[in-house]
$ cat data-v8.cif   # mmCIF, C-alpha atoms and all ligand atoms
data_entry
#
loop_
_atom_site.label_atom_id
_atom_site.label_comp_id
_atom_site.auth_asym_id
_atom_site.auth_seq_id
_atom_site.Cartn_x
_atom_site.Cartn_y
_atom_site.Cartn_z
CA MET A 24 0.00 0.00 0.00
CA SER A 25 1.29 3.46 -0.84
CA VAL A 26 0.51 5.91 1.94
CA SER A 27 1.86 9.39 2.61
CA LEU A 28 0.85 11.19 5.78
CA LEU A 29 3.36 14.04 5.55
CA GLY A 30 1.97 17.24 7.02
CA ARG A 31 -1.12 15.55 8.52
CA SER A 32 -2.47 16.18 12.01
CA LEU A 33 -3.88 13.43 14.22
CA LEU A 34 -6.97 14.81 15.94
CA THR A 35 -9.60 12.05 16.18
CA LEU A 36 -8.58 9.22 13.78
CA LEU A 37 -11.98 9.66 12.10
CA ASP A 38 -10.29 11.21 9.07
CA TYR A 39 -7.70 8.43 8.71
CA THR A 40 -8.49 5.59 6.31
CA PRO A 41 -8.08 1.98 7.43
CA ASP A 42 -4.98 1.71 5.21
CA GLU A 43 -3.46 4.80 6.80
CA ILE A 44 -4.04 3.41 10.29
CA LEU A 45 -2.57 0.03 9.32
CA TYR A 46 0.42 1.85 7.82
CA LEU A 47 1.04 3.64 11.15
CA LEU A 48 0.75 0.36 13.04
CA LYS A 49 3.21 -1.32 10.68
CA LEU A 50 5.65 1.56 11.07
CA ALA A 51 5.27 1.35 14.87
CA LYS A 52 6.19 -2.34 14.75
CA LYS A 53 9.32 -1.49 12.73
CA VAL A 54 10.21 1.35 15.09
CA LYS A 55 9.83 -1.00 18.08
CA GLU A 56 12.11 -3.60 16.48
CA GLU A 57 14.68 -0.91 15.70
CA SER A 58 14.51 0.40 19.24
CA LYS A 59 15.03 -3.11 20.68
CA SER A 60 18.14 -3.57 18.53
CA GLY A 61 19.51 -0.16 19.50
CA LYS A 62 18.98 1.46 16.09
CA ILE A 63 18.39 5.12 16.76
CA LYS A 64 18.84 7.17 13.61
CA ASN A 65 18.62 10.89 14.41
CA ARG A 66 15.53 11.15 12.23
CA PHE A 67 14.27 14.25 14.04
CA GLN A 68 17.57 16.14 13.91
CA GLY A 69 16.93 19.84 13.42
CA LYS A 70 13.21 19.41 14.24
CA THR A 71 11.27 20.89 17.15
CA LEU A 72 8.15 19.74 18.97
CA ALA A 73 5.94 21.90 21.19
CA MET A 74 4.23 19.83 23.89
CA LEU A 75 1.26 21.68 25.40
CA PHE A 76 -0.35 20.30 28.56
CA GLU A 77 -3.48 21.56 30.33
CA LYS A 78 -3.90 18.18 32.05
CA LEU A 79 -1.33 15.94 33.75
CA SER A 80 0.38 13.09 31.94
CA THR A 81 3.01 10.40 32.49
CA ARG A 82 2.88 8.08 29.47
CA THR A 83 1.90 10.54 26.75
CA ARG A 84 4.37 13.21 27.75
CA CYS A 85 7.21 10.71 28.19
CA SER A 86 6.39 8.98 24.91
CA PHE A 87 6.45 12.20 22.88
CA GLU A 88 9.48 13.60 24.66
CA THR A 89 11.68 10.49 24.60
CA ALA A 90 10.64 9.37 21.10
CA PHE A 91 11.40 12.80 19.68
CA GLY A 92 14.52 13.53 21.74
CA GLU A 93 16.25 10.20 21.18
CA GLU A 94 16.09 10.76 17.40
CA GLY A 95 17.84 14.11 17.76
CA GLY A 96 14.76 16.36 17.95
CA HIS A 97 14.21 19.18 20.44
CA PRO A 98 10.96 18.82 22.42
CA VAL A 99 9.78 21.81 24.47
CA LEU A 100 7.31 21.25 27.33
CA LEU A 101 4.78 24.05 27.82
CA SER A 102 2.33 23.56 30.68
CA LYS A 103 -0.74 25.74 31.10
CA ASN A 104 1.32 27.89 33.49
CA ASP A 105 3.94 28.59 30.83
CA ILE A 106 1.90 29.63 27.83
CA GLN A 107 -1.15 31.62 26.82
CA LEU A 108 -3.86 29.25 25.67
CA GLY A 109 -6.72 31.53 24.89
CA GLY A 110 -5.95 33.78 27.87
CA LYS A 111 -4.23 37.06 27.11
CA GLU A 112 -3.71 36.05 23.48
CA THR A 113 -6.17 34.36 21.17
CA LEU A 114 -5.64 30.68 20.54
CA GLU A 115 -5.42 31.39 16.82
CA ASP A 116 -2.48 33.77 17.38
CA THR A 117 -0.69 31.31 19.66
CA ALA A 118 -1.14 28.63 16.99
CA ARG A 119 0.26 30.89 14.26
CA VAL A 120 3.34 31.72 16.34
CA LEU A 121 4.02 28.13 17.39
CA GLY A 122 3.69 27.08 13.77
CA ARG A 123 6.53 29.45 12.86
CA MET A 124 8.86 27.97 15.48
CA PHE A 125 8.01 24.28 15.72
CA SER A 126 7.91 21.36 13.30
CA ALA A 127 4.87 19.90 15.11
CA ILE A 128 2.66 20.44 18.16
CA GLN A 129 1.25 18.02 20.74
CA PHE A 130 -1.76 19.16 22.78
CA ARG A 131 -3.34 17.52 25.84
CA GLY A 132 -6.24 19.27 27.48
CA PHE A 133 -9.95 19.72 27.87
CA LYS A 134 -11.70 20.89 24.72
CA GLN A 135 -11.45 19.07 21.40
CA GLU A 136 -12.02 22.48 19.84
CA THR A 137 -8.64 23.68 21.17
CA VAL A 138 -6.64 20.99 19.39
CA GLU A 139 -8.70 21.52 16.22
CA THR A 140 -7.98 25.27 16.32
CA LEU A 141 -4.26 24.68 16.82
CA ALA A 142 -4.28 22.45 13.75
CA LYS A 143 -6.26 24.93 11.70
CA TYR A 144 -4.01 27.92 12.35
CA SER A 145 -0.50 26.54 12.94
CA GLN A 146 0.14 25.00 9.49
CA VAL A 147 2.16 22.18 11.12
CA PRO A 148 1.04 18.69 12.21
CA VAL A 149 -0.87 18.79 15.51
CA TYR A 150 -1.32 15.67 17.64
CA ASN A 151 -4.17 15.13 20.07
CA GLY A 152 -2.52 13.73 23.20
CA LEU A 153 -5.99 13.48 24.87
CA THR A 154 -8.99 15.74 25.08
CA ASP A 155 -12.32 15.26 26.84
CA LEU A 156 -13.58 13.62 23.64
CA PHE A 157 -10.78 11.60 22.07
CA HIS A 158 -7.46 9.86 22.80
CA PRO A 159 -6.34 8.73 19.35
CA THR A 160 -2.66 7.98 20.07
CA GLN A 161 -3.83 5.68 22.88
CA ALA A 162 -6.07 3.74 20.50
CA LEU A 163 -3.11 3.10 18.17
CA ALA A 164 -1.08 1.61 21.03
CA ASP A 165 -4.06 -0.48 22.13
CA ILE A 166 -4.49 -2.05 18.72
CA MET A 167 -0.74 -2.58 18.36
CA THR A 168 -0.89 -4.53 21.65
CA MET A 169 -3.75 -6.65 20.30
CA GLN A 170 -1.75 -7.32 17.13
CA GLU A 171 1.17 -8.53 19.25
CA SER A 172 -1.13 -10.95 21.07
CA PHE A 173 -3.26 -12.18 18.19
CA GLY A 174 -1.56 -11.34 14.87
CA GLU A 175 -4.51 -10.53 12.60
CA ILE A 176 -6.96 -8.35 14.49
CA LYS A 177 -9.82 -8.16 12.01
CA GLY A 178 -12.77 -10.14 13.40
CA ARG A 179 -11.43 -10.13 16.97
CA LYS A 180 -13.72 -8.92 19.77
CA LEU A 181 -12.71 -6.05 22.05
CA VAL A 182 -14.96 -5.25 25.01
CA PHE A 183 -14.74 -2.01 26.98
CA THR A 184 -16.46 -1.96 30.35
CA GLY A 185 -16.90 1.19 32.47
CA ASP A 186 -17.50 4.82 31.49
CA GLY A 187 -18.76 4.30 27.95
CA ARG A 188 -18.77 7.98 27.05
CA ASN A 189 -15.17 8.75 27.89
CA ASN A 190 -12.33 9.68 25.52
CA VAL A 191 -10.75 6.21 25.53
CA ALA A 192 -14.00 4.31 24.84
CA ARG A 193 -14.85 6.77 22.06
CA SER A 194 -11.48 6.42 20.34
CA LEU A 195 -11.68 2.64 20.58
CA MET A 196 -15.07 2.79 18.89
CA VAL A 197 -13.57 4.78 16.03
CA ILE A 198 -10.52 2.56 15.46
CA CYS A 199 -12.46 -0.70 15.79
CA SER A 200 -15.09 0.54 13.32
CA LYS A 201 -12.32 1.34 10.85
CA LEU A 202 -10.36 -1.89 11.24
CA GLY A 203 -13.13 -4.49 11.41
CA ILE A 204 -12.70 -5.28 15.12
CA HIS A 205 -15.99 -6.13 16.88
CA PHE A 206 -16.42 -3.65 19.72
CA THR A 207 -18.81 -3.86 22.65
CA VAL A 208 -19.22 -1.10 25.23
CA ILE A 209 -20.66 -2.36 28.51
CA THR A 210 -21.91 0.64 30.47
CA PRO A 211 -25.00 1.85 32.32
CA ALA A 212 -27.46 3.81 30.13
CA GLU A 213 -26.44 7.08 31.84
CA LEU A 214 -22.95 6.72 30.38
CA ASN A 215 -23.74 5.54 26.86
CA PRO A 216 -21.50 6.89 24.11
CA ASP A 217 -23.33 9.70 22.32
CA ASP A 218 -25.53 9.06 19.31
CA ALA A 219 -23.55 11.43 17.11
CA LEU A 220 -20.39 9.35 17.42
CA ARG A 221 -22.32 6.12 16.98
CA GLY A 222 -23.81 7.60 13.82
CA GLN A 223 -20.35 8.48 12.51
CA CYS A 224 -19.03 4.99 13.27
CA ALA A 225 -21.97 3.03 11.85
CA PRO A 226 -21.04 3.35 8.14
CA LEU A 227 -17.37 2.75 8.92
CA ALA A 228 -18.25 -0.44 10.76
CA GLU A 229 -20.50 -1.54 7.96
CA ALA A 230 -17.66 -1.10 5.48
CA SER A 231 -15.13 -2.99 7.63
CA GLY A 232 -17.46 -5.72 8.90
CA ALA A 233 -17.13 -4.65 12.55
CA VAL A 234 -20.12 -5.19 14.84
CA ILE A 235 -20.42 -2.30 17.30
CA SER A 236 -22.75 -2.68 20.27
CA VAL A 237 -23.58 -0.88 23.50
CA THR A 238 -25.22 -2.70 26.41
CA PRO A 239 -25.57 -2.52 30.20
CA ASN A 240 -25.22 -6.32 30.48
CA ILE A 241 -21.86 -7.44 31.91
CA ASP A 242 -22.47 -10.96 30.54
CA SER A 243 -21.71 -9.47 27.11
CA VAL A 244 -18.00 -9.94 27.87
CA LYS A 245 -18.61 -13.44 26.46
CA ASP A 246 -16.14 -14.33 23.70
CA ALA A 247 -14.02 -11.20 24.26
CA ASP A 248 -10.47 -11.54 22.99
CA ALA A 249 -9.53 -8.38 24.90
CA LEU A 250 -11.25 -6.84 27.91
CA TYR A 251 -10.51 -3.15 28.47
CA THR A 252 -11.36 -0.72 31.22
CA ASP A 253 -10.41 2.82 32.27
CA VAL A 254 -10.82 5.02 35.35
CA TRP A 255 -14.39 5.75 36.43
CA ALA A 256 -13.80 9.50 36.69
CA SER A 257 -11.57 11.00 34.01
CA MET A 258 -9.37 14.06 34.47
CA GLY A 259 -11.62 17.07 34.95
CA GLU A 260 -14.46 14.95 36.39
CA GLU A 261 -13.09 14.52 39.91
CA SER A 262 -16.30 15.97 41.44
CA LYS A 263 -18.29 13.07 39.92
CA LYS A 264 -16.18 10.41 41.61
CA ASN A 265 -18.68 9.25 44.28
CA GLU A 266 -21.56 9.11 41.84
CA ARG A 267 -19.44 7.08 39.39
CA VAL A 268 -18.31 4.60 42.02
CA LYS A 269 -21.99 3.85 42.73
CA LEU A 270 -22.91 3.66 39.07
CA LEU A 271 -19.93 1.65 37.87
CA SER A 272 -19.19 -0.79 40.69
CA PRO A 273 -21.11 -3.58 38.86
CA TYR A 274 -18.79 -2.99 35.88
CA GLN A 275 -15.49 -3.69 37.64
CA VAL A 276 -13.12 -6.06 35.85
CA ASN A 277 -12.25 -8.83 38.31
CA GLN A 278 -11.26 -12.44 37.77
CA SER A 279 -14.86 -13.61 37.69
CA VAL A 280 -15.60 -11.16 34.85
CA MET A 281 -12.43 -12.27 33.03
CA ASN A 282 -13.64 -15.88 33.35
CA LYS A 283 -17.04 -14.96 31.90
CA THR A 284 -15.42 -14.44 28.48
CA GLY A 285 -15.18 -18.21 28.24
CA LYS A 286 -11.71 -17.87 26.70
CA LYS A 287 -8.48 -18.61 28.56
CA GLU A 288 -6.51 -16.43 26.13
CA THR A 289 -8.50 -13.21 26.77
CA ILE A 290 -6.08 -10.36 27.47
CA PHE A 291 -6.69 -7.47 29.85
CA LEU A 292 -5.98 -3.91 28.66
CA HIS A 293 -6.04 -0.55 30.48
CA CYS A 294 -4.70 2.78 29.21
CA LEU A 295 -3.42 3.63 32.74
CA PRO A 296 -3.27 5.27 35.20
CA ALA A 297 -5.39 2.64 37.02
CA VAL A 298 -7.15 2.61 40.37
CA ARG A 299 -6.79 -0.91 41.74
CA GLY A 300 -9.93 -1.93 43.64
CA GLU A 301 -12.18 0.32 41.56
CA GLU A 302 -12.37 -0.35 37.80
CA VAL A 303 -10.01 -3.35 38.05
CA THR A 304 -8.85 -5.66 40.78
CA ALA A 305 -5.14 -6.10 41.51
CA ASP A 306 -5.18 -9.81 40.67
CA VAL A 307 -6.30 -9.01 37.11
CA ILE A 308 -4.10 -6.01 36.30
CA ASP A 309 -1.08 -7.67 37.90
CA GLY A 310 -1.99 -11.15 36.68
CA PRO A 311 -0.97 -13.32 33.71
CA GLN A 312 -3.68 -12.09 31.32
CA SER A 313 -2.69 -8.43 31.70
CA ARG A 314 -0.83 -6.73 28.84
CA VAL A 315 -0.88 -3.23 30.32
CA TRP A 316 2.90 -2.74 30.47
CA ASP A 317 3.33 -3.71 26.81
CA GLN A 318 0.44 -1.37 26.06
CA ALA A 319 2.15 1.50 27.93
CA GLU A 320 5.45 0.85 26.13
CA ASN A 321 3.64 0.77 22.80
CA ARG A 322 2.53 4.36 23.38
CA LYS A 323 6.09 5.41 22.65
CA HIS A 324 6.51 3.31 19.51
CA THR A 325 3.17 4.32 18.01
CA ILE A 326 3.77 8.00 18.81
CA LYS A 327 7.22 7.84 17.21
CA ALA A 328 5.61 6.29 14.13
CA VAL A 329 3.00 9.06 13.95
CA MET A 330 5.69 11.75 14.14
CA LEU A 331 7.96 10.01 11.60
CA ALA A 332 5.07 9.70 9.17
CA THR A 333 3.81 13.25 9.46
CA ILE A 334 6.67 15.68 10.19
CA LYS A 335 8.09 17.20 7.02
N1 LIG B 1 -2.62 6.52 29.02
C1 LIG B 1 -2.22 7.80 29.16
O1 LIG B 1 -2.54 8.68 28.35
O2 LIG B 1 -1.42 8.04 30.22
P1 LIG B 1 -0.97 9.47 30.74
O3 LIG B 1 -2.20 10.17 31.24
O4 LIG B 1 0.02 9.16 31.84
O5 LIG B 1 -0.33 10.22 29.60
N1 LIG B 2 -10.17 8.64 30.54
C1 LIG B 2 -8.93 8.98 31.20
C2 LIG B 2 -7.77 8.55 30.36
C3 LIG B 2 -6.43 8.83 30.95
C4 LIG B 2 -5.32 8.41 30.04
C5 LIG B 2 -8.90 10.47 31.46
O1 LIG B 2 -9.29 11.24 30.58
O2 LIG B 2 -8.50 10.87 32.55
#
$ encode --input "data-v8.cif" --output "structure tokens"
Amino acid sequence: MSVSLLGRSLLTLLDYTPDEILYLLKLAKKVKEESKSGKIKNRFQGKTLAMLFEKLSTRTRCSFETAFGEEGGHPVLLSKNDIQLGGKETLEDTARVLGRMFSAIQFRGFKQETVETLAKYSQVPVYNGLTDLFHPTQALADIMTMQESFGEIKGRKLVFTGDGRNNVARSLMVICSKLGIHFTVITPAELNPDDALRGQCAPLAEASGAVISVTPNIDSVKDADALYTDVWASMGEESKKNERVKLLSPYQVNQSVMNKTGKKETIFLHCLPAVRGEEVTADVIDGPQSRVWDQAENRKHTIKAVMLATIK
């Protein structure tokens, strides 16, 4: 397949074709093999990356910073205390200025609109490192981890249980719809993914053969190849914590839920950070079916692949 992503931003994954996503995953596999054999090539020499953070981060920040820096690039961390982000200066002006100084921009924060505006006005690739609505670089690492466990991922079943309307569940719905992975969200009706996103995913799923479903029934973990969960209250939703604990306690991933899949080879995934004893029990996340550390490592390889493919 001939794919060029030079100059492209990564904002939601909705505008990436299945071939483009598979190309990024293939490149990430190559990058991981190179990294394991010590092949670092200075491919970002002379390039600069602005990393903007309104919310905290361990994996995403470290993935962007180490992937870029170890290939000779110069990453610059700008937290919300360091930079105007729609405060004294308009976001459009900040974007224009950053675009003159940096080869690419990473943004993590609240509004999806912010990352879209940065992309619109900066004229350089902009990467969504998590917003309230999407976490596309996470979804790439998640699918890479499934590929490592299962080889071909088309036709596999991924089940997400927990807060079905959060950024991680939404991005999984997008990538599974594109790649033909059956995707079930198990969540109480109050936390269903919104109809607009489901409407956008429906034709994609039809084209790829993916079956997408949303249900409150935890027994729907049956036949899952991968069982995924995430925190019950995402960043910015701390005030909802008690309400979520009540609502989501029946959706915890514990060994009995893992066993309900009926498959011994089911893997457990979590984007991390995790709260042991809430969305997942320690025996599962620290047990033999867990792939969460590979998944965390794959953040770096997939993010390096995205930057290699898009930075001019
Ligand atoms: N999974 C993830 O995005 O982790 P961080 O919040 O630590 O970046
Ligand atoms: N849904 C979580 C993901 C963290 C990586 C959050 O937004 O806090």
$ closest_residue --input "data-v8.cif" --among "A:Leu121, A:Val26, A:Leu220, A:Val276" --to "Lys49 (chain A)" --atoms "all atoms listed in the file"
A:Val26
$ residues_around --input "data-v8.cif" --residues "Leu34 (chain A)" --least-positions-apart "2" --cutoff "8 Å" --atoms "all atoms listed in the file" --output "ChimeraX atom specification"
/A:32,36,138-139,149-151,157,159
$ closest_residue --input "data-v8.cif" --among "A:Lys62, A:Lys287, A:Arg221, A:Arg119" --to "Glu94 (chain A)" --atoms "only C-alpha atoms"
A:Lys62
$ residues_around --input "data-v8.cif" --residues "Ile334 (chain A)" --least-positions-apart "3" --cutoff "7 Å" --atoms "only C-alpha atoms" --output "number ranges by chain"
A: 29-30, 126-127, 148, 330-331
$ residues_near_ligand --input "data-v8.cif" --ligand "ligand LIG 2 (chain B)" --cutoff "6 Å" --atoms "all atoms listed in the file" --output "ChimeraX atom specification"
/A:189-191,257-258,294-295
